[in-house]
Structure formats: C-alpha cells, structure tokens
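Q: Sharing run_27.pdb (PDB, C-alpha atoms and all ligand atoms) below.
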```pdb
ATOM      1  CA  MET A 290      50.820  54.461 -18.095
ATOM      2  CA  LYS A 291      51.617  58.095 -17.393
ATOM      3  CA  PHE A 292      54.323  58.839 -14.801
ATOM      4  CA  PHE A 293      53.735  61.608 -12.298
ATOM      5  CA  VAL A 294      56.490  62.460  -9.807
ATOM      6  CA  ASP A 295      55.354  62.608  -6.205
ATOM      7  CA  THR A 296      57.567  65.349  -4.805
ATOM      8  CA  ALA A 297      58.046  69.098  -4.452
ATOM      9  CA  ASP A 298      61.816  68.734  -4.921
ATOM     10  CA  VAL A 299      62.449  70.866  -8.001
ATOM     11  CA  ASP A 300      65.918  69.441  -8.749
ATOM     12  CA  ALA A 301      64.631  65.858  -8.618
ATOM     13  CA  ILE A 302      61.739  66.756 -10.940
ATOM     14  CA  ARG A 303      64.117  68.486 -13.362
ATOM     15  CA  GLU A 304      66.394  65.441 -13.605
ATOM     16  CA  LEU A 305      63.514  63.149 -14.572
ATOM     17  CA  ASN A 306      61.808  65.761 -16.733
ATOM     18  CA  ASP A 307      64.973  66.200 -18.800
ATOM     19  CA  LEU A 308      64.738  62.465 -19.599
ATOM     20  CA  GLY A 309      61.128  62.815 -20.734
ATOM     21  CA  MET A 310      59.905  60.707 -17.816
ATOM     22  CA  VAL A 311      57.542  63.243 -16.274
ATOM     23  CA  ASP A 312      53.938  63.457 -17.420
ATOM     24  CA  GLY A 313      52.897  65.421 -14.333
ATOM     25  CA  VAL A 314      53.648  66.097 -10.678
ATOM     26  CA  THR A 315      51.772  65.526  -7.439
ATOM     27  CA  THR A 316      52.390  67.391  -4.217
ATOM     28  CA  ASN A 317      50.669  67.373  -0.852
ATOM     29  CA  PRO A 318      51.080  69.350   2.389
ATOM     30  CA  SER A 319      53.675  66.870   3.700
ATOM     31  CA  LEU A 320      55.769  67.156   0.533
ATOM     32  CA  ILE A 321      55.565  70.976   0.636
ATOM     33  CA  MET A 322      56.721  70.805   4.269
ATOM     34  CA  LYS A 323      59.649  68.548   3.252
ATOM     35  CA  SER A 324      60.664  70.987   0.495
ATOM     36  CA  GLY A 325      60.935  73.801   3.045
ATOM     37  CA  ARG A 326      59.556  76.163   0.374
ATOM     38  CA  ASP A 327      56.544  78.458   0.045
ATOM     39  CA  ILE A 328      53.688  76.530  -1.612
ATOM     40  CA  LYS A 329      52.891  79.132  -4.277
ATOM     41  CA  GLU A 330      56.520  79.787  -5.124
ATOM     42  CA  VAL A 331      57.594  76.157  -5.444
ATOM     43  CA  THR A 332      54.396  75.140  -7.249
ATOM     44  CA  ALA A 333      54.830  77.956  -9.783
ATOM     45  CA  GLU A 334      58.392  76.786 -10.436
ATOM     46  CA  ILE A 335      57.222  73.200 -10.988
ATOM     47  CA  CYS A 336      54.346  74.304 -13.255
ATOM     48  CA  ALA A 337      56.741  76.309 -15.425
ATOM     49  CA  MET A 338      59.033  73.292 -15.824
ATOM     50  CA  VAL A 339      56.500  70.521 -16.443
ATOM     51  CA  ASP A 340      53.972  70.476 -19.279
ATOM     52  CA  GLY A 341      51.470  68.123 -17.596
ATOM     53  CA  PRO A 342      49.140  68.482 -14.609
ATOM     54  CA  VAL A 343      50.646  69.586 -11.296
ATOM     55  CA  SER A 344      48.537  68.718  -8.241
ATOM     56  CA  ALA A 345      48.424  71.282  -5.439
ATOM     57  CA  GLU A 346      46.419  70.311  -2.374
ATOM     58  CA  THR A 347      43.885  72.328  -0.403
ATOM     59  CA  VAL A 348      43.977  72.220   3.396
ATOM     60  CA  ALA A 349      40.534  73.535   4.366
ATOM     61  CA  THR A 350      38.163  70.894   5.729
ATOM     62  CA  ASP A 351      34.886  72.487   4.592
ATOM     63  CA  ALA A 352      33.692  72.636   0.986
ATOM     64  CA  ASP A 353      33.596  76.437   0.715
ATOM     65  CA  GLY A 354      37.112  76.669   2.098
ATOM     66  CA  MET A 355      38.396  74.033  -0.325
ATOM     67  CA  ILE A 356      36.707  75.805  -3.239
ATOM     68  CA  ALA A 357      38.243  79.157  -2.264
ATOM     69  CA  GLU A 358      41.689  77.594  -1.807
ATOM     70  CA  GLY A 359      41.314  75.650  -5.054
ATOM     71  CA  ARG A 360      40.506  78.814  -6.996
ATOM     72  CA  GLU A 361      43.501  80.541  -5.419
ATOM     73  CA  LEU A 362      45.861  77.642  -6.233
ATOM     74  CA  ALA A 363      44.506  77.482  -9.801
ATOM     75  CA  LYS A 364      45.714  81.067 -10.331
ATOM     76  CA  ILE A 365      49.313  79.809 -10.107
ATOM     77  CA  ALA A 366      49.286  78.286 -13.614
ATOM     78  CA  ASP A 367      47.036  76.722 -16.244
ATOM     79  CA  ASN A 368      48.341  73.215 -15.486
ATOM     80  CA  ILE A 369      47.338  73.254 -11.814
ATOM     81  CA  THR A 370      45.183  70.352 -10.687
ATOM     82  CA  VAL A 371      43.371  71.142  -7.459
ATOM     83  CA  LYS A 372      43.704  68.289  -4.985
ATOM     84  CA  VAL A 373      40.952  67.736  -2.429
ATOM     85  CA  PRO A 374      40.526  64.934   0.117
ATOM     86  CA  LEU A 375      37.923  62.223  -0.303
ATOM     87  CA  THR A 376      35.481  63.527   2.281
ATOM     88  CA  TRP A 377      31.893  64.578   1.666
ATOM     89  CA  ALA A 378      33.090  68.193   1.689
ATOM     90  CA  GLY A 379      35.841  67.233  -0.764
ATOM     91  CA  LEU A 380      33.296  65.702  -3.142
ATOM     92  CA  LYS A 381      31.217  68.886  -3.031
ATOM     93  CA  ALA A 382      34.321  70.957  -3.766
ATOM     94  CA  CYS A 383      35.245  68.554  -6.570
ATOM     95  CA  LYS A 384      31.863  69.015  -8.242
ATOM     96  CA  THR A 385      31.999  72.807  -8.029
ATOM     97  CA  LEU A 386      35.582  73.081  -9.215
ATOM     98  CA  THR A 387      35.144  70.635 -12.124
ATOM     99  CA  ASP A 388      31.960  72.476 -13.159
ATOM    100  CA  GLU A 389      34.174  75.573 -13.393
ATOM    101  CA  GLY A 390      36.385  73.683 -15.827
ATOM    102  CA  ARG A 391      39.254  73.007 -13.430
ATOM    103  CA  MET A 392      41.148  69.718 -13.125
ATOM    104  CA  VAL A 393      40.535  68.054  -9.763
ATOM    105  CA  ASN A 394      42.463  65.209  -8.120
ATOM    106  CA  VAL A 395      40.520  63.532  -5.303
ATOM    107  CA  THR A 396      43.052  62.124  -2.889
ATOM    108  CA  LEU A 397      43.229  59.855   0.170
ATOM    109  CA  CYS A 398      41.044  57.205  -1.500
ATOM    110  CA  PHE A 399      41.008  53.856   0.291
ATOM    111  CA  SER A 400      37.897  52.122  -1.088
ATOM    112  CA  ALA A 401      36.188  51.389  -4.398
ATOM    113  CA  ASN A 402      33.014  53.109  -3.182
ATOM    114  CA  GLN A 403      34.966  56.281  -2.497
ATOM    115  CA  ALA A 404      36.350  56.084  -6.041
ATOM    116  CA  LEU A 405      32.848  55.604  -7.444
ATOM    117  CA  LEU A 406      31.660  58.757  -5.666
ATOM    118  CA  ALA A 407      34.637  60.737  -6.968
ATOM    119  CA  ALA A 408      33.816  59.688 -10.531
ATOM    120  CA  LYS A 409      30.176  60.725 -10.028
ATOM    121  CA  ALA A 410      31.428  64.115  -8.759
ATOM    122  CA  GLY A 411      33.381  64.527 -12.005
ATOM    123  CA  ALA A 412      36.917  64.087 -10.684
ATOM    124  CA  THR A 413      39.682  64.288 -13.268
ATOM    125  CA  PHE A 414      41.860  61.955 -11.178
ATOM    126  CA  ILE A 415      41.206  59.586  -8.301
ATOM    127  CA  SER A 416      44.188  58.819  -6.066
ATOM    128  CA  PRO A 417      43.966  55.424  -4.340
ATOM    129  CA  PHE A 418      46.806  55.032  -1.818
ATOM    130  CA  ILE A 419      48.446  51.649  -2.330
ATOM    131  CA  GLY A 420      51.307  51.728   0.175
ATOM    132  CA  ARG A 421      49.204  52.867   3.104
ATOM    133  CA  LEU A 422      46.829  49.921   2.555
ATOM    134  CA  ASP A 423      49.785  47.543   2.262
ATOM    135  CA  ASP A 424      50.999  48.946   5.613
ATOM    136  CA  LEU A 425      47.777  47.546   7.134
ATOM    137  CA  ASN A 426      48.288  44.171   5.463
ATOM    138  CA  ILE A 427      45.535  44.949   2.930
ATOM    139  CA  ASP A 428      46.630  44.488  -0.683
ATOM    140  CA  GLY A 429      46.530  47.992  -2.157
ATOM    141  CA  MET A 430      46.641  46.584  -5.686
ATOM    142  CA  ASP A 431      43.279  44.887  -5.168
ATOM    143  CA  LEU A 432      41.819  48.367  -4.811
ATOM    144  CA  ILE A 433      43.358  49.529  -8.085
ATOM    145  CA  GLN A 434      41.868  46.460  -9.794
ATOM    146  CA  GLU A 435      38.407  47.055  -8.287
ATOM    147  CA  ILE A 436      38.374  50.689  -9.368
ATOM    148  CA  ARG A 437      39.582  49.751 -12.874
ATOM    149  CA  THR A 438      36.741  47.248 -13.198
ATOM    150  CA  ILE A 439      34.082  49.642 -11.926
ATOM    151  CA  TYR A 440      35.223  52.564 -14.066
ATOM    152  CA  ASP A 441      35.416  50.339 -17.151
ATOM    153  CA  ASN A 442      31.980  48.837 -16.445
ATOM    154  CA  TYR A 443      30.383  52.255 -16.774
ATOM    155  CA  GLY A 444      32.832  54.193 -18.925
ATOM    156  CA  TYR A 445      33.804  56.725 -16.267
ATOM    157  CA  GLU A 446      36.490  59.043 -17.589
ATOM    158  CA  THR A 447      38.065  59.759 -14.200
ATOM    159  CA  GLN A 448      41.694  58.675 -14.427
ATOM    160  CA  ILE A 449      43.046  56.216 -11.884
ATOM    161  CA  LEU A 450      46.169  57.777 -10.389
ATOM    162  CA  ALA A 451      47.872  55.069  -8.330
ATOM    163  CA  ALA A 452      49.470  56.833  -5.361
ATOM    164  CA  SER A 453      51.437  56.055  -2.210
ATOM    165  CA  ILE A 454      53.708  53.977  -4.405
ATOM    166  CA  ARG A 455      56.702  52.649  -2.526
ATOM    167  CA  SER A 456      58.500  50.249  -4.880
ATOM    168  CA  PRO A 457      59.215  49.388  -8.528
ATOM    169  CA  ASN A 458      56.907  46.376  -8.105
ATOM    170  CA  HIS A 459      54.055  48.756  -7.320
ATOM    171  CA  MET A 460      54.780  50.527 -10.631
ATOM    172  CA  LYS A 461      54.778  47.245 -12.554
ATOM    173  CA  ASP A 462      51.588  45.988 -10.921
ATOM    174  CA  ALA A 463      49.780  49.301 -11.474
ATOM    175  CA  ALA A 464      50.771  49.182 -15.149
ATOM    176  CA  LEU A 465      49.645  45.557 -15.500
ATOM    177  CA  ILE A 466      46.238  46.367 -14.017
ATOM    178  CA  GLY A 467      45.881  49.388 -16.252
ATOM    179  CA  ALA A 468      46.099  52.371 -13.908
ATOM    180  CA  ASP A 469      46.046  55.479 -16.092
ATOM    181  CA  VAL A 470      48.761  57.173 -14.060
ATOM    182  CA  ALA A 471      51.145  56.232 -11.276
ATOM    183  CA  THR A 472      52.719  58.852  -9.064
ATOM    184  CA  ALA A 473      55.925  57.839  -7.355
ATOM    185  CA  PRO A 474      58.838  59.393  -5.492
ATOM    186  CA  PRO A 475      61.839  60.075  -7.778
ATOM    187  CA  GLY A 476      63.845  57.302  -6.083
ATOM    188  CA  VAL A 477      61.242  54.680  -6.976
ATOM    189  CA  ILE A 478      61.192  55.747 -10.634
ATOM    190  CA  LYS A 479      64.984  55.610 -10.796
ATOM    191  CA  ALA A 480      65.047  52.220  -9.043
ATOM    192  CA  MET A 481      62.951  50.786 -11.901
ATOM    193  CA  ALA A 482      66.173  50.805 -13.953
ATOM    194  CA  ASN A 483      68.003  48.494 -11.539
ATOM    195  CA  HIS A 484      68.574  44.795 -12.040
ATOM    196  CA  VAL A 485      71.275  42.702 -10.381
ATOM    197  CA  LEU A 486      71.869  40.773 -13.624
ATOM    198  CA  THR A 487      72.394  44.039 -15.492
ATOM    199  CA  ASP A 488      75.107  45.005 -12.980
ATOM    200  CA  LYS A 489      76.660  41.546 -13.100
ATOM    201  CA  GLY A 490      76.599  41.392 -16.888
ATOM    202  CA  LEU A 491      78.120  44.852 -17.203
ATOM    203  CA  ASP A 492      80.940  43.927 -14.801
ATOM    204  CA  ALA A 493      81.775  40.876 -16.916
ATOM    205  CA  PHE A 494      81.697  42.863 -20.179
ATOM    206  CA  LEU A 495      83.972  45.548 -18.743
ATOM    207  CA  LYS A 496      86.474  43.013 -17.414
ATOM    208  CA  ASP A 497      86.629  41.212 -20.773
ATOM    209  CA  TRP A 498      86.923  44.516 -22.609
ATOM    210  CA  ALA A 499      89.795  45.654 -20.389
ATOM    211  CA  SER A 500      91.655  42.433 -21.201
ATOM    212  CA  THR A 501      91.542  43.250 -24.948
ATOM    213  CA  GLY A 502      93.555  46.432 -24.404
ATOM    214  CA  GLN A 503      91.350  48.200 -27.002
ATOM    215  CA  SER A 504      89.625  51.581 -26.823
ATOM    216  CA  ILE A 505      86.673  52.858 -28.807
ATOM    217  CA  LEU A 506      87.604  56.541 -28.805
TER     218      LEU A 506
HETATM  219  O1  LIG B 601      50.864  60.201  -3.483
HETATM  220  C1  LIG B 601      50.595  60.143  -2.123
HETATM  221  C2  LIG B 601      51.866  60.003  -1.379
HETATM  222  O2  LIG B 601      52.547  61.206  -1.278
HETATM  223  C3  LIG B 601      51.707  59.344  -0.076
HETATM  224  O3  LIG B 601      52.718  58.434  -0.028
HETATM  225  O4  LIG B 601      54.331  56.954   1.009
HETATM  226  O5  LIG B 601      53.321  58.838   2.333
HETATM  227  O6  LIG B 601      51.964  56.849   1.743
HETATM  228  P1  LIG B 601      53.097  57.738   1.342
END
```
With the file now loaded, output its structure as structure tokens.
Ligand code: G3P
A:
Amino acid sequence: MKFFVDTADVDAIRELNDLGMVDGVTTNPSLIMKSGRDIKEVTAEICAMVDGPVSAETVATDADGMIAEGRELAKIADNITVKVPLTWAGLKACKTLTDEGRMVNVTLCFSANQALLAAKAGATFISPFIGRLDDLNIDGMDLIQEIRTIYDNYGYETQILAASIRSPNHMKDAALIGADVATAPPGVIKAMANHVLTDKGLDAFLKDWASTGQSIL
C-alpha cells in the first residue's frame, strides 16, 4: 500500500519523506487554510520535495471553473494531481482533465456508486472518506471493501485512495482490504510505530543493561 501524507505542513512532510515513507501528498482547502500559506507557493514547495503525486484541490463548483482551476494548478509542477469533488460537475471536470493527460483525484466519496462513476470518468484516484462515515456510525471500511470488489470485478484502474484516516487501525484495515493508497495525517503514520509492549520491553532491556555497567561505545 502506498502512503500519502494528508497535510500541507512542509516540515512534517520532510520528516517522513526523509525516511522514505512518502509516496505522495494530499491537500485540500482546509489543510491549506491550516498551513497559513499561499496555495501555489506551498504546493510548489511540496512538489519539489516529493517525487510522487501531490493533490491540489479546486474550489469552483461548476465544471468549467474546476477545469480552469485544474489547468492552473497543474502548471505548478508535473506531479500535481488535480482534486475535484464527487459531484456531477466534478465528474465532468474529471473526464476533461484526464482526457488531457492529467492525474485526477476525485474526492469526498461516500458511496460505492459514486466510486463507480469516478472510475467511468477515468479518475486516477478515488478518495473514499473513512473517518467521516465512522463519525456517523457507518463503517467506513465497508465502503473501501465494496469499492475494491467492484473495481476488481471489472478491472478498473482507478486507484483506491483511502482518506479521512484517523487511526493506525484504519491504516491496517485499509491495507488488509487492499486499498492502493492510504492518505493519513503525519501523526497517524508516526503512531503506527507505537506499541505498549515495545515500550515495556525496551524499559526492561535498558534497566538490565544499566545493571551490567557495560557500554558499547
Ligand atoms: O483526506 C481527507 C481528509 O483531509 C479529511 O480528513 O479527518 O477531516 O475527515 P478528516
């Protein structure tokens, strides 16, 4: 499973990228707002740092507006993926932009039928939002499974990009189901390294080591 980082925080991306953990980046208008930076400036900085796709989201609500914004965002760098919402207008924009050879991420997906339409429109990525379904007491992972089954049934090449990931368990479950990509906040990716037994075991080793009076260096 590829790891995308869901943030516009350049320092956080750099830390993970230096460890080889970043296959791409996703941003959205809320994350740009949180960064406090200009969208083109911060996106260009991210694109220069990361080799993989970097999603930059349009904000127009009509297809022509999304297409114009998508073309403008795509000028930032070759690894820009234009992100459009899963509305009818977004599907039209997706078709036009993919026909032009651009990568498109269709976002705000909450149903398997929406994902099926995005695949028909040629989307490079579909972004089903797990956490926001969980918030409504609907199992977001069921959606990932449904989309996986449908895409595999017909050989759609659209990549399932599990989004709105809130916990390490979401990462594990997405990987078990076979999501192509998961995008998560940096804190969730780092939390995947944690285990209480690791901490406990390390404490015991260090105490025993101290009692030997030895040093390695
Ligand atoms: O990838 C989409 C993400 O940014 C939304 O996450 O936690 O706001 O639902 P969240």
Q: For chain A against ligand LIG 601 (chain B), with a cut-off of 9 Å and counting all atoms listed in the file, what is the closest atom pair and its distance in Å to one decimal for every residue that makes the cut, ordered by chain and number, as a Markdown table?
A:
```
| residue | atom | partner | partner_atom | distance |
| --- | --- | --- | --- | --- |
| A:Val294 | CA | B:LIG601 | O1 | 8.8 |
| A:Asp295 | CA | B:LIG601 | O1 | 5.8 |
| A:Thr296 | CA | B:LIG601 | O2 | 7.4 |
| A:Thr315 | CA | B:LIG601 | O1 | 6.7 |
| A:Thr316 | CA | B:LIG601 | O2 | 6.8 |
| A:Asn317 | CA | B:LIG601 | O2 | 6.5 |
| A:Ser319 | CA | B:LIG601 | O2 | 7.6 |
| A:Leu320 | CA | B:LIG601 | O2 | 7.0 |
| A:Thr396 | CA | B:LIG601 | C1 | 7.8 |
| A:Leu397 | CA | B:LIG601 | C1 | 7.7 |
| A:Ser416 | CA | B:LIG601 | O1 | 7.3 |
| A:Pro417 | CA | B:LIG601 | C1 | 8.4 |
| A:Phe418 | CA | B:LIG601 | C1 | 6.4 |
| A:Ile419 | CA | B:LIG601 | O6 | 7.5 |
| A:Gly420 | CA | B:LIG601 | O6 | 5.4 |
| A:Arg421 | CA | B:LIG601 | O6 | 5.0 |
| A:Leu422 | CA | B:LIG601 | O6 | 8.7 |
| A:Asp424 | CA | B:LIG601 | O6 | 8.9 |
| A:Leu450 | CA | B:LIG601 | O1 | 8.7 |
| A:Ala451 | CA | B:LIG601 | O1 | 7.7 |
| A:Ala452 | CA | B:LIG601 | O1 | 4.1 |
| A:Ser453 | CA | B:LIG601 | O3 | 3.5 |
| A:Ile454 | CA | B:LIG601 | O4 | 6.2 |
| A:Arg455 | CA | B:LIG601 | O4 | 6.1 |
| A:Ala471 | CA | B:LIG601 | O1 | 8.8 |
| A:Thr472 | CA | B:LIG601 | O1 | 6.0 |
| A:Ala473 | CA | B:LIG601 | O1 | 6.8 |
| A:Pro474 | CA | B:LIG601 | O2 | 7.8 |
```
Q: Between A:Gly444, A:Pro475, A:Gly354, A:Gly490, which is the closest to Ile302 of chain A once you count all atoms listed in the file?
A: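 The closest residue to Ile302 of chain A is A:Pro475.
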Q: Counting only C-alpha atoms, figure out which residue out of A:Met355, A:Ile478, A:Ile369, A:Ala349 gets nearest to Gly313 of chain A.
A: A:Ile369
Q: Given the file shown, determine the residues that the PyMOL selection byres (((chain A and resi 388-393) around 7) and not hetatm) selects; report them as a ChimeraX atom specification.
A: /A:370-372,383-387,394-395,412-414
Q: Please identify all polymer residues within 12 Å of Glu435 of chain A, counting only C-alpha atoms, omitting same-chain residues fewer than 6 positions from it, and present them as a PyMOL selection string.
A: chain A and resi 399-405+417+428-429+441-442+449+466-468
Q: Using Å and a single decimal, report how far atom CA of Ala408 of chain A sits from atom CA of Glu446 of chain A.
A: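 Separation of atom CA of Glu446 of chain A and atom CA of Ala408 of chain A: 7.6 Å.
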Q: Ranking A:Leu506, A:Ala499, A:Ile328, A:Ala301 by minimum distance to Val477 of chain A and counting all atoms listed in the file, which one comes first?
A: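 Using all atoms listed in the file, Val477 of chain A sits closest to A:Ala301.
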